[in-house]
Amino acid sequence: MTTRYHPWRAMGRQEDGRSGKIPIGWKSRALWLRLQVSGSEAPLILLNEMKLRAVLLGLALLLSGDLVTARDVLADRVTIYRDDYGIPHIVGDTEPAAFFGYGYAQAQDHLEGMMIQYLDAQGRRAEVLGIEALGDGYLRFIPYEYRWGGDYLQRLLRTKKAVLEQRERIPREVYAVLDGFARGVNAYIEEHRGTIPAWIEQISAEDVEALERSHYLRFYSIHDALTKLTGQTYSFPNLGSNQWAIARQKSATGRIIHVEHTHMPWANRFQNYEAHLMVPGRLNAGGISWFGSPFFLNGFNDKITWSATWNDPNIADVYEEKLHPQDDLRYLYDGAWREMRVEAERFRIKGPAGMETITLPLYYTHHGPVVRVDRGKRRAWAVKLPNFAGVDYGANLYGFMKAQSLEEFNAVVARQAMPRWNLLVTDQENLYWIHNALVAQRPSGYDWSKPVPGWTSATEWGPYLPVSAYPQVQNPAAGFLQNCNNPAWVVTRNSGLRPQDPAPYYLKRTPPENSGEEALNTRGERLFAVLTQERKFSVQEMIDLGFDTYVMAADVVVPLLERAARTLDENDLARRAVAGLQAWDRRSHKDSTAYTHLHFWARAYAELYGAAAAGRFSSYDRRKIDIDAPQEQERALKALREALALLASRYGKREVRWGEINVVSRGGEFPLSGTGAFGVLHPDAGEEREDGRIHANDGWGHLLVVMEGDPKEIWSLLPYGQSEDPRSPHYNDQARLNSEGKAKRFWFRAEDILAHTKSVWGDAGRLKRSLETNKTGRR
């Protein structure tokens, strides 16, 4: 019999109301779990509507004597056309059918990856990955995964439970496509049951929406709250993105060009996947989804294009609660004691002896989930998250995919279901950008960058700020909009936006009132330097800018080294290296030895003089460095000599091409031009291994270039390829393109899709028939 980890005993109250202990911190987790875990009790099975349908269908087949798996009717109403790079162009007779095809296509390309995502959203990864997936408490940050904690935190956030409790709030048309997507995944699972891992089970519409909810709470919201609680800034190393668009007057073709350049790890839970969904007369949209999601965060349809970059609104808070002197489950609020809400969750954990079980308590105050307790100080801390009860997250991105104008797009934003993102939207005539957020109005007199008193109603949130108050710009005089995770007021030159609008607490850190372009990071600086030029740009130049690796720091470092090396003998190794830097185009490139010298110079400089000293060269104020100062020259020259020595010792030579060091391993090795250093626009990043090479798996995550018009012309690229199957030609075909600095075409017109189709799943004549009826593009 499993020993129940009773909530009252855990939090400090016995069933008779007496005080107990709080096992917060889990320092003795191993012993504690051994006392609590047993594998003798069967797992609890919840039958949702979809699983119940499957059970009833199975019974019907058994009673009829027919053991053949029934084919989902949606399978006959959709066709998947795969192009030269394996991108699925999915044509459905209805929206549920099209999303069925999308679920099936994703399962074809990365079934295990997406199924892990669904388990994660439900707080069930430990069933497959073991005890480590449960989490070491709830305050552990895992950088590459961009996640806090494990299964316990997911359950605490009620990612799946809230969906089950409030599924009726999901709009009917959204539930229909969630269900269609899940049925597509399930169809693939049943067809391949004999060849896939046994732990993979069918999913439901609720599972898919739970994943959407999990992304928002785990990625967007809880991070902001927990950084306030821990007193540490947990930065996502390469999290961010670039987005920009040029107006017709700056375009050589007279057509607006929109560029999305997502920055994400290449193989974590936010791995991107491309697709194109078509329903004649109702939907015609393409873009990227994260594994397991049916919706496009960045994408386009026949009327608009949209992209998102990370921003920093102050969306979540931590409330410090005062606990009762004798009762851990009561907390003070406005002079009275309130009861915490306690829920119990049962976890199944894969162990060496098989599946084991444990029941753990979850605690909530009216502010939200309790994430830390200090029993000695009689304090608890609860987090308040925007839209915590929401189950409408999928509806937001679905609305973007369906919007046929800026007005319709903004109507979706006005629902205030999406807690953050800089959103850039274009059509054939307009450029529009908004610093989207979900920020509650807060009273003055409190430091909202830290935990605030939870024992008084004076700190309660007010209504959310209206969307009309958010920083936003449309059709600027400068002819461009950009955001590379920079503040709103530098979205374009002379934006007219004020740093502290719409409220001092709107951003996580209140900026100076007179802040200007010095707030730009190096990526934003680079775009300003290019896009403010008084000339017109071709679409190829915009694609090339997507691959741009210009090192802004070199504008200071190279002149500094040139001055430092003037008195050196011509045969001095450092002098020769400086000569190479002077002739260099100041871009990292796979064939460049000069960039390799600069890269190792920066490393040596940081080791000699500290990261802060080295960081000056990439800051906005780098031009203030006195390159004629003897001390600056001496330091720079010493770092160069150290760099050359390191190259010689590690690689056996000093002249090493960057592509010999920076590679991607994906069914072969490909040299890369990008770099994770210096904040370049197109980073190819990764950890250095023992052999001295960097195996890139991070940096940029997707490139999309859209030239607006009728029809649109589109180019795109993923870091690896469309498939996770090493046997597929689409496992690494796009990695090869990245190595060559090339983008591929994203076919959008029906004629082009048919001309480039390499394989078909379903009725091959479906797209041709839809083309003949000329009904594509409108809902």
# chains A, B, ... in the order shown; residues from 1 in each chain; ligands from 1

$ residues_around --residues "segment 405-422 of chain A" --least-positions-apart "5" --cutoff "8 Å" --atoms "only C-alpha atoms" --output "PyMOL selection string"
chain A and resi 216+220-221+303-304+308-313+315+386-387+390+392-393+396+399-400+427+433-439+467+483

$ closest_atom_pairs --of "segment 153-203 of chain A" --to "segment 99-107 of chain A" --cutoff "9 Å" --atoms "only C-alpha atoms" --output "JSON lines"
{"residue": "A:Val177", "atom": "CA", "partner": "A:Phe99", "partner_atom": "CA", "distance": 5.8}
{"residue": "A:Leu178", "atom": "CA", "partner": "A:Phe99", "partner_atom": "CA", "distance": 7.5}
{"residue": "A:Asp179", "atom": "CA", "partner": "A:Phe100", "partner_atom": "CA", "distance": 8.0}
{"residue": "A:Gly180", "atom": "CA", "partner": "A:Phe100", "partner_atom": "CA", "distance": 4.5}
{"residue": "A:Phe181", "atom": "CA", "partner": "A:Phe100", "partner_atom": "CA", "distance": 4.3}
{"residue": "A:Ala182", "atom": "CA", "partner": "A:Gly103", "partner_atom": "CA", "distance": 6.3}
{"residue": "A:Arg183", "atom": "CA", "partner": "A:Phe100", "partner_atom": "CA", "distance": 6.0}
{"residue": "A:Gly184", "atom": "CA", "partner": "A:Phe100", "partner_atom": "CA", "distance": 4.1}
{"residue": "A:Val185", "atom": "CA", "partner": "A:Gly103", "partner_atom": "CA", "distance": 4.8}
{"residue": "A:Asn186", "atom": "CA", "partner": "A:Tyr104", "partner_atom": "CA", "distance": 7.8}
{"residue": "A:Ala187", "atom": "CA", "partner": "A:Tyr104", "partner_atom": "CA", "distance": 7.0}
{"residue": "A:Tyr188", "atom": "CA", "partner": "A:Tyr104", "partner_atom": "CA", "distance": 5.8}
{"residue": "A:Ile189", "atom": "CA", "partner": "A:Ala107", "partner_atom": "CA", "distance": 7.8}

$ write_last_selection --atoms "N, CA, C and O atoms" --output "short mmCIF file (atom, residue, chain, number, x, y, z; two decimals), in the first residue's frame"
data_model
loop_
_atom_site.label_atom_id
_atom_site.label_comp_id
_atom_site.auth_asym_id
_atom_site.auth_seq_id
_atom_site.Cartn_x
_atom_site.Cartn_y
_atom_site.Cartn_z
N VAL A 177 -10.27 22.46 -33.63
CA VAL A 177 -8.97 22.27 -34.26
C VAL A 177 -7.98 21.61 -33.31
O VAL A 177 -7.10 20.84 -33.73
N LEU A 178 -8.11 21.88 -32.00
CA LEU A 178 -7.30 21.16 -31.02
C LEU A 178 -7.60 19.66 -31.09
O LEU A 178 -6.68 18.82 -31.08
N ASP A 179 -8.87 19.34 -31.19
CA ASP A 179 -9.29 17.95 -31.28
C ASP A 179 -8.81 17.32 -32.58
O ASP A 179 -8.32 16.18 -32.59
N GLY A 180 -8.92 18.07 -33.68
CA GLY A 180 -8.44 17.56 -34.95
C GLY A 180 -6.95 17.27 -34.92
O GLY A 180 -6.48 16.23 -35.40
N PHE A 181 -6.18 18.19 -34.35
CA PHE A 181 -4.74 18.00 -34.24
C PHE A 181 -4.43 16.75 -33.42
O PHE A 181 -3.60 15.92 -33.81
N ALA A 182 -5.08 16.61 -32.27
CA ALA A 182 -4.84 15.45 -31.40
C ALA A 182 -5.20 14.16 -32.12
O ALA A 182 -4.47 13.15 -32.03
N ARG A 183 -6.26 14.16 -32.87
CA ARG A 183 -6.66 12.95 -33.60
C ARG A 183 -5.65 12.60 -34.69
O ARG A 183 -5.43 11.41 -34.97
N GLY A 184 -5.03 13.61 -35.27
CA GLY A 184 -3.98 13.33 -36.25
C GLY A 184 -2.78 12.65 -35.62
O GLY A 184 -2.20 11.70 -36.17
N VAL A 185 -2.39 13.15 -34.45
CA VAL A 185 -1.29 12.53 -33.72
C VAL A 185 -1.65 11.10 -33.35
O VAL A 185 -0.86 10.16 -33.53
N ASN A 186 -2.87 10.91 -32.87
CA ASN A 186 -3.30 9.57 -32.45
C ASN A 186 -3.36 8.60 -33.61
O ASN A 186 -3.06 7.41 -33.45
N ALA A 187 -3.77 9.10 -34.78
CA ALA A 187 -3.81 8.23 -35.95
C ALA A 187 -2.41 7.69 -36.28
O ALA A 187 -2.23 6.50 -36.58
N TYR A 188 -1.42 8.57 -36.19
CA TYR A 188 -0.05 8.13 -36.45
C TYR A 188 0.40 7.12 -35.39
O TYR A 188 1.04 6.11 -35.71
N ILE A 189 0.07 7.39 -34.14
CA ILE A 189 0.47 6.49 -33.05
C ILE A 189 -0.11 5.10 -33.28
O ILE A 189 0.59 4.09 -33.16
#

$ residues_around --residues "segment 625-637 of chain A" --least-positions-apart "6" --cutoff "7 Å" --atoms "only C-alpha atoms" --output "ChimeraX atom specification"
/A:560-561,564

$ write_last_selection --atoms "N, CA, C and O atoms" --output "CSV table (one decimal), in the first residue's frame"
chain,number,residue,atom,x,y,z
A,560,LEU,N,42.4,49.9,-31.9
A,560,LEU,CA,43.2,49.8,-30.7
A,560,LEU,C,44.4,48.9,-30.9
A,560,LEU,O,45.5,49.3,-30.6
A,561,LEU,N,44.2,47.7,-31.5
A,561,LEU,CA,45.3,46.8,-31.7
A,561,LEU,C,46.3,47.4,-32.8
A,561,LEU,O,47.5,47.2,-32.7
A,564,ALA,N,48.5,49.7,-31.0
A,564,ALA,CA,49.3,49.0,-30.0
A,564,ALA,C,50.5,48.3,-30.8
A,564,ALA,O,51.6,48.1,-30.2

$ closest_atom_pairs --of "segment 294-382 of chain A" --to "segment 712-732 of chain A" --cutoff "12 Å" --atoms "only C-alpha atoms" --output "JSON lines"
{"residue": "A:Asn298", "atom": "CA", "partner": "A:Ser716", "partner_atom": "CA", "distance": 11.7}
{"residue": "A:Gly299", "atom": "CA", "partner": "A:Ile714", "partner_atom": "CA", "distance": 10.6}
{"residue": "A:Phe300", "atom": "CA", "partner": "A:Lys712", "partner_atom": "CA", "distance": 9.4}
{"residue": "A:Asn301", "atom": "CA", "partner": "A:Lys712", "partner_atom": "CA", "distance": 9.1}
{"residue": "A:Asp302", "atom": "CA", "partner": "A:Lys712", "partner_atom": "CA", "distance": 7.4}
{"residue": "A:Lys303", "atom": "CA", "partner": "A:Lys712", "partner_atom": "CA", "distance": 8.8}
{"residue": "A:Ile304", "atom": "CA", "partner": "A:Lys712", "partner_atom": "CA", "distance": 9.6}
{"residue": "A:Thr305", "atom": "CA", "partner": "A:Lys712", "partner_atom": "CA", "distance": 9.8}

$ write_last_selection --atoms "N, CA, C and O atoms" --output "PDB file, in the first residue's frame"
ATOM      1  N   ASN A 298       5.141  32.673 -35.008  1.00  0.00           N
ATOM      2  CA  ASN A 298       5.588  33.564 -36.078  1.00  0.00           C
ATOM      3  C   ASN A 298       5.055  33.000 -37.388  1.00  0.00           C
ATOM      4  O   ASN A 298       5.185  31.788 -37.644  1.00  0.00           O
ATOM      5  N   GLY A 299       4.478  33.860 -38.216  1.00  0.00           N
ATOM      6  CA  GLY A 299       3.925  33.307 -39.442  1.00  0.00           C
ATOM      7  C   GLY A 299       3.306  34.347 -40.348  1.00  0.00           C
ATOM      8  O   GLY A 299       3.527  35.556 -40.212  1.00  0.00           O
ATOM      9  N   PHE A 300       2.516  33.858 -41.253  1.00  0.00           N
ATOM     10  CA  PHE A 300       1.910  34.703 -42.291  1.00  0.00           C
ATOM     11  C   PHE A 300       0.664  33.998 -42.797  1.00  0.00           C
ATOM     12  O   PHE A 300       0.510  32.771 -42.686  1.00  0.00           O
ATOM     13  N   ASN A 301      -0.236  34.788 -43.317  1.00  0.00           N
ATOM     14  CA  ASN A 301      -1.326  34.234 -44.115  1.00  0.00           C
ATOM     15  C   ASN A 301      -1.403  35.040 -45.402  1.00  0.00           C
ATOM     16  O   ASN A 301      -0.455  35.771 -45.735  1.00  0.00           O
ATOM     17  N   ASP A 302      -2.471  34.931 -46.135  1.00  0.00           N
ATOM     18  CA  ASP A 302      -2.525  35.609 -47.424  1.00  0.00           C
ATOM     19  C   ASP A 302      -2.658  37.121 -47.304  1.00  0.00           C
ATOM     20  O   ASP A 302      -2.485  37.835 -48.291  1.00  0.00           O
ATOM     21  N   LYS A 303      -2.890  37.643 -46.091  1.00  0.00           N
ATOM     22  CA  LYS A 303      -3.085  39.076 -45.918  1.00  0.00           C
ATOM     23  C   LYS A 303      -2.029  39.755 -45.052  1.00  0.00           C
ATOM     24  O   LYS A 303      -1.642  40.889 -45.324  1.00  0.00           O
ATOM     25  N   ILE A 304      -1.583  39.094 -43.993  1.00  0.00           N
ATOM     26  CA  ILE A 304      -0.655  39.739 -43.052  1.00  0.00           C
ATOM     27  C   ILE A 304       0.519  38.812 -42.740  1.00  0.00           C
ATOM     28  O   ILE A 304       0.485  37.615 -43.037  1.00  0.00           O
ATOM     29  N   THR A 305       1.561  39.405 -42.137  1.00  0.00           N
ATOM     30  CA  THR A 305       2.697  38.657 -41.599  1.00  0.00           C
ATOM     31  C   THR A 305       2.936  39.156 -40.181  1.00  0.00           C
ATOM     32  O   THR A 305       2.804  40.355 -39.922  1.00  0.00           O
TER      33      THR A 305
END

$ residues_around --residues "Gly286 of chain A" --least-positions-apart "5" --cutoff "9 Å" --atoms "only C-alpha atoms" --output "list in words"
His89, Glu274, Ala275, His276, Leu277, Met278, Phe296, Asn298, Gly299, Phe300, Asn301, Met401, Phe746 and Phe748 of chain A

$ write_last_selection --atoms "all heavy atoms" --output "short mmCIF file (atom, residue, chain, number, x, y, z; two decimals), in the first residue's frame"
data_model
loop_
_atom_site.label_atom_id
_atom_site.label_comp_id
_atom_site.auth_asym_id
_atom_site.auth_seq_id
_atom_site.Cartn_x
_atom_site.Cartn_y
_atom_site.Cartn_z
N HIS A 89 2.80 20.95 -46.63
CA HIS A 89 1.74 21.86 -47.07
C HIS A 89 0.45 21.05 -46.98
O HIS A 89 0.25 20.10 -47.74
CB HIS A 89 2.00 22.35 -48.49
CG HIS A 89 3.31 23.06 -48.64
ND1 HIS A 89 3.44 24.43 -48.56
CD2 HIS A 89 4.57 22.59 -48.83
CE1 HIS A 89 4.72 24.77 -48.72
NE2 HIS A 89 5.42 23.67 -48.88
N GLU A 274 8.28 23.99 -39.24
CA GLU A 274 7.57 24.76 -40.26
C GLU A 274 6.40 23.97 -40.84
O GLU A 274 6.47 22.75 -40.98
CB GLU A 274 8.52 25.12 -41.41
CG GLU A 274 9.45 26.26 -41.12
CD GLU A 274 10.17 26.73 -42.38
OE1 GLU A 274 10.25 25.97 -43.36
OE2 GLU A 274 10.67 27.85 -42.36
N ALA A 275 5.38 24.70 -41.23
CA ALA A 275 4.24 24.07 -41.89
C ALA A 275 3.41 25.13 -42.60
O ALA A 275 3.58 26.33 -42.39
CB ALA A 275 3.38 23.29 -40.90
N HIS A 276 2.50 24.64 -43.43
CA HIS A 276 1.59 25.49 -44.20
C HIS A 276 0.24 24.81 -44.20
O HIS A 276 0.12 23.64 -44.61
CB HIS A 276 2.13 25.65 -45.63
CG HIS A 276 1.27 26.47 -46.53
ND1 HIS A 276 1.40 26.44 -47.90
CD2 HIS A 276 0.26 27.34 -46.29
CE1 HIS A 276 0.53 27.26 -48.45
NE2 HIS A 276 -0.18 27.82 -47.48
N LEU A 277 -0.79 25.49 -43.70
CA LEU A 277 -2.15 24.93 -43.60
C LEU A 277 -3.09 25.68 -44.53
O LEU A 277 -3.13 26.92 -44.52
CB LEU A 277 -2.67 25.03 -42.16
CG LEU A 277 -2.28 23.92 -41.18
CD1 LEU A 277 -0.77 23.89 -40.97
CD2 LEU A 277 -2.99 24.10 -39.84
N MET A 278 -3.87 24.91 -45.30
CA MET A 278 -4.80 25.50 -46.26
C MET A 278 -6.17 24.83 -46.14
O MET A 278 -6.26 23.60 -46.16
CB MET A 278 -4.28 25.33 -47.69
CG MET A 278 -3.02 26.12 -48.00
SD MET A 278 -2.32 25.66 -49.62
CE MET A 278 -1.49 24.14 -49.17
N PHE A 296 0.92 28.84 -34.95
CA PHE A 296 2.13 29.55 -35.37
C PHE A 296 2.37 30.79 -34.51
O PHE A 296 1.55 31.71 -34.51
CB PHE A 296 2.02 29.99 -36.83
CG PHE A 296 1.79 28.85 -37.80
CD1 PHE A 296 0.96 29.02 -38.90
CD2 PHE A 296 2.38 27.62 -37.60
CE1 PHE A 296 0.74 27.99 -39.80
CE2 PHE A 296 2.17 26.57 -38.49
CZ PHE A 296 1.34 26.76 -39.59
N ASN A 298 5.14 32.67 -35.01
CA ASN A 298 5.59 33.56 -36.08
C ASN A 298 5.05 33.00 -37.39
O ASN A 298 5.19 31.79 -37.64
CB ASN A 298 7.11 33.62 -36.14
CG ASN A 298 7.72 34.21 -34.90
OD1 ASN A 298 7.47 35.35 -34.54
ND2 ASN A 298 8.55 33.43 -34.22
N GLY A 299 4.48 33.86 -38.22
CA GLY A 299 3.93 33.31 -39.44
C GLY A 299 3.31 34.35 -40.35
O GLY A 299 3.53 35.56 -40.21
N PHE A 300 2.52 33.86 -41.25
CA PHE A 300 1.91 34.70 -42.29
C PHE A 300 0.66 34.00 -42.80
O PHE A 300 0.51 32.77 -42.69
CB PHE A 300 2.90 34.92 -43.44
CG PHE A 300 3.51 33.64 -43.96
CD1 PHE A 300 2.89 32.90 -44.95
CD2 PHE A 300 4.69 33.16 -43.42
CE1 PHE A 300 3.43 31.71 -45.40
CE2 PHE A 300 5.25 31.97 -43.87
CZ PHE A 300 4.61 31.23 -44.86
N ASN A 301 -0.24 34.79 -43.32
CA ASN A 301 -1.33 34.23 -44.11
C ASN A 301 -1.40 35.04 -45.40
O ASN A 301 -0.46 35.77 -45.74
CB ASN A 301 -2.65 34.20 -43.33
CG ASN A 301 -3.09 35.58 -42.85
OD1 ASN A 301 -2.85 36.59 -43.51
ND2 ASN A 301 -3.74 35.63 -41.68
N MET A 401 -3.52 33.46 -36.84
CA MET A 401 -3.50 32.72 -38.10
C MET A 401 -4.70 33.08 -38.97
O MET A 401 -4.61 33.06 -40.20
CB MET A 401 -3.48 31.22 -37.82
CG MET A 401 -2.20 30.74 -37.14
SD MET A 401 -2.29 29.03 -36.54
CE MET A 401 -2.42 28.12 -38.08
N PHE A 746 10.02 29.29 -49.36
CA PHE A 746 8.83 28.72 -48.72
C PHE A 746 7.70 28.91 -49.73
O PHE A 746 7.25 30.03 -49.98
CB PHE A 746 8.51 29.45 -47.41
CG PHE A 746 7.47 28.76 -46.57
CD1 PHE A 746 7.79 28.23 -45.32
CD2 PHE A 746 6.16 28.63 -47.00
CE1 PHE A 746 6.84 27.58 -44.55
CE2 PHE A 746 5.21 28.00 -46.23
CZ PHE A 746 5.55 27.47 -45.00
N PHE A 748 4.21 29.14 -51.33
CA PHE A 748 2.92 29.56 -50.77
C PHE A 748 1.78 29.44 -51.79
O PHE A 748 0.65 29.18 -51.43
CB PHE A 748 3.03 31.00 -50.26
CG PHE A 748 1.91 31.43 -49.36
CD1 PHE A 748 1.55 30.66 -48.26
CD2 PHE A 748 1.24 32.63 -49.56
CE1 PHE A 748 0.52 31.06 -47.41
CE2 PHE A 748 0.22 33.04 -48.72
CZ PHE A 748 -0.15 32.25 -47.64
#

$ closest_residue --among "A:Ala198, A:Val706, A:Ile256, A:Leu332" --to "Arg745 of chain A" --atoms "only C-alpha atoms"
A:Val706

$ atom_distance --atom1 "atom CA of Thr357 of chain A" --atom2 "atom CA of Ala126 of chain A"
10.4 Å

$ closest_residue --among "A:Gln734, A:Gln441, A:Thr596, A:Thr757" --to "Arg693 of chain A" --atoms "only C-alpha atoms"
A:Thr596

$ closest_residue --among "A:Phe295, A:Trp290, A:Trp337, A:Phe537" --to "Pro325 of chain A" --atoms "only C-alpha atoms"
A:Trp337

$ select_by_dssp --residues "segment 394-454 of chain A" --states "strand (DSSP E)" --output "list in words"
Asn422, Leu423, Leu424, Val425, Thr426, Leu431, Tyr432, Trp433, Ile434, His435, Val452 and Pro453 of chain A

$ decode --residues "segment 105-124 of chain A" --atoms "N, CA and C atoms" --output "PDB file, in the first residue's frame"
ATOM      1  N   ALA A 105       1.493  15.136 -39.455  1.00  0.00           N
ATOM      2  CA  ALA A 105       2.797  15.512 -40.021  1.00  0.00           C
ATOM      3  C   ALA A 105       3.833  15.707 -38.921  1.00  0.00           C
ATOM      4  N   GLN A 106       3.439  16.396 -37.847  1.00  0.00           N
ATOM      5  CA  GLN A 106       4.395  16.566 -36.744  1.00  0.00           C
ATOM      6  C   GLN A 106       4.792  15.212 -36.158  1.00  0.00           C
ATOM      7  N   ALA A 107       3.833  14.312 -36.004  1.00  0.00           N
ATOM      8  CA  ALA A 107       4.146  12.990 -35.463  1.00  0.00           C
ATOM      9  C   ALA A 107       5.093  12.240 -36.390  1.00  0.00           C
ATOM     10  N   GLN A 108       4.939  12.408 -37.690  1.00  0.00           N
ATOM     11  CA  GLN A 108       5.857  11.779 -38.635  1.00  0.00           C
ATOM     12  C   GLN A 108       7.297  12.242 -38.409  1.00  0.00           C
ATOM     13  N   ASP A 109       7.460  13.513 -38.090  1.00  0.00           N
ATOM     14  CA  ASP A 109       8.796  14.106 -38.042  1.00  0.00           C
ATOM     15  C   ASP A 109       9.438  14.113 -36.664  1.00  0.00           C
ATOM     16  N   HIS A 110       8.641  14.130 -35.586  1.00  0.00           N
ATOM     17  CA  HIS A 110       9.260  14.206 -34.255  1.00  0.00           C
ATOM     18  C   HIS A 110       8.304  13.724 -33.171  1.00  0.00           C
ATOM     19  N   LEU A 111       7.787  12.520 -33.316  1.00  0.00           N
ATOM     20  CA  LEU A 111       6.787  12.021 -32.380  1.00  0.00           C
ATOM     21  C   LEU A 111       7.278  12.038 -30.937  1.00  0.00           C
ATOM     22  N   GLU A 112       8.464  11.466 -30.684  1.00  0.00           N
ATOM     23  CA  GLU A 112       8.916  11.369 -29.295  1.00  0.00           C
ATOM     24  C   GLU A 112       9.124  12.748 -28.674  1.00  0.00           C
ATOM     25  N   GLY A 113       9.675  13.679 -29.452  1.00  0.00           N
ATOM     26  CA  GLY A 113       9.900  15.024 -28.936  1.00  0.00           C
ATOM     27  C   GLY A 113       8.615  15.702 -28.512  1.00  0.00           C
ATOM     28  N   MET A 114       7.559  15.563 -29.313  1.00  0.00           N
ATOM     29  CA  MET A 114       6.312  16.226 -28.965  1.00  0.00           C
ATOM     30  C   MET A 114       5.599  15.508 -27.823  1.00  0.00           C
ATOM     31  N   MET A 115       5.743  14.190 -27.750  1.00  0.00           N
ATOM     32  CA  MET A 115       5.084  13.466 -26.667  1.00  0.00           C
ATOM     33  C   MET A 115       5.709  13.796 -25.312  1.00  0.00           C
ATOM     34  N   ILE A 116       7.020  14.007 -25.296  1.00  0.00           N
ATOM     35  CA  ILE A 116       7.667  14.465 -24.067  1.00  0.00           C
ATOM     36  C   ILE A 116       7.106  15.821 -23.657  1.00  0.00           C
ATOM     37  N   GLN A 117       6.814  16.667 -24.652  1.00  0.00           N
ATOM     38  CA  GLN A 117       6.234  17.979 -24.357  1.00  0.00           C
ATOM     39  C   GLN A 117       4.879  17.849 -23.666  1.00  0.00           C
ATOM     40  N   TYR A 118       4.053  16.928 -24.152  1.00  0.00           N
ATOM     41  CA  TYR A 118       2.742  16.758 -23.537  1.00  0.00           C
ATOM     42  C   TYR A 118       2.871  16.233 -22.107  1.00  0.00           C
ATOM     43  N   LEU A 119       3.796  15.296 -21.887  1.00  0.00           N
ATOM     44  CA  LEU A 119       4.022  14.809 -20.526  1.00  0.00           C
ATOM     45  C   LEU A 119       4.525  15.939 -19.631  1.00  0.00           C
ATOM     46  N   ASP A 120       5.393  16.768 -20.179  1.00  0.00           N
ATOM     47  CA  ASP A 120       5.916  17.904 -19.420  1.00  0.00           C
ATOM     48  C   ASP A 120       4.778  18.817 -18.984  1.00  0.00           C
ATOM     49  N   ALA A 121       3.893  19.140 -19.910  1.00  0.00           N
ATOM     50  CA  ALA A 121       2.788  20.049 -19.598  1.00  0.00           C
ATOM     51  C   ALA A 121       1.872  19.484 -18.519  1.00  0.00           C
ATOM     52  N   GLN A 122       1.813  18.170 -18.415  1.00  0.00           N
ATOM     53  CA  GLN A 122       0.957  17.531 -17.417  1.00  0.00           C
ATOM     54  C   GLN A 122       1.702  17.230 -16.121  1.00  0.00           C
ATOM     55  N   GLY A 123       3.014  17.541 -16.072  1.00  0.00           N
ATOM     56  CA  GLY A 123       3.794  17.191 -14.900  1.00  0.00           C
ATOM     57  C   GLY A 123       4.000  15.698 -14.798  1.00  0.00           C
ATOM     58  N   ARG A 124       4.332  15.049 -15.917  1.00  0.00           N
ATOM     59  CA  ARG A 124       4.452  13.588 -15.950  1.00  0.00           C
ATOM     60  C   ARG A 124       5.752  13.118 -16.600  1.00  0.00           C
TER      61      ARG A 124
END
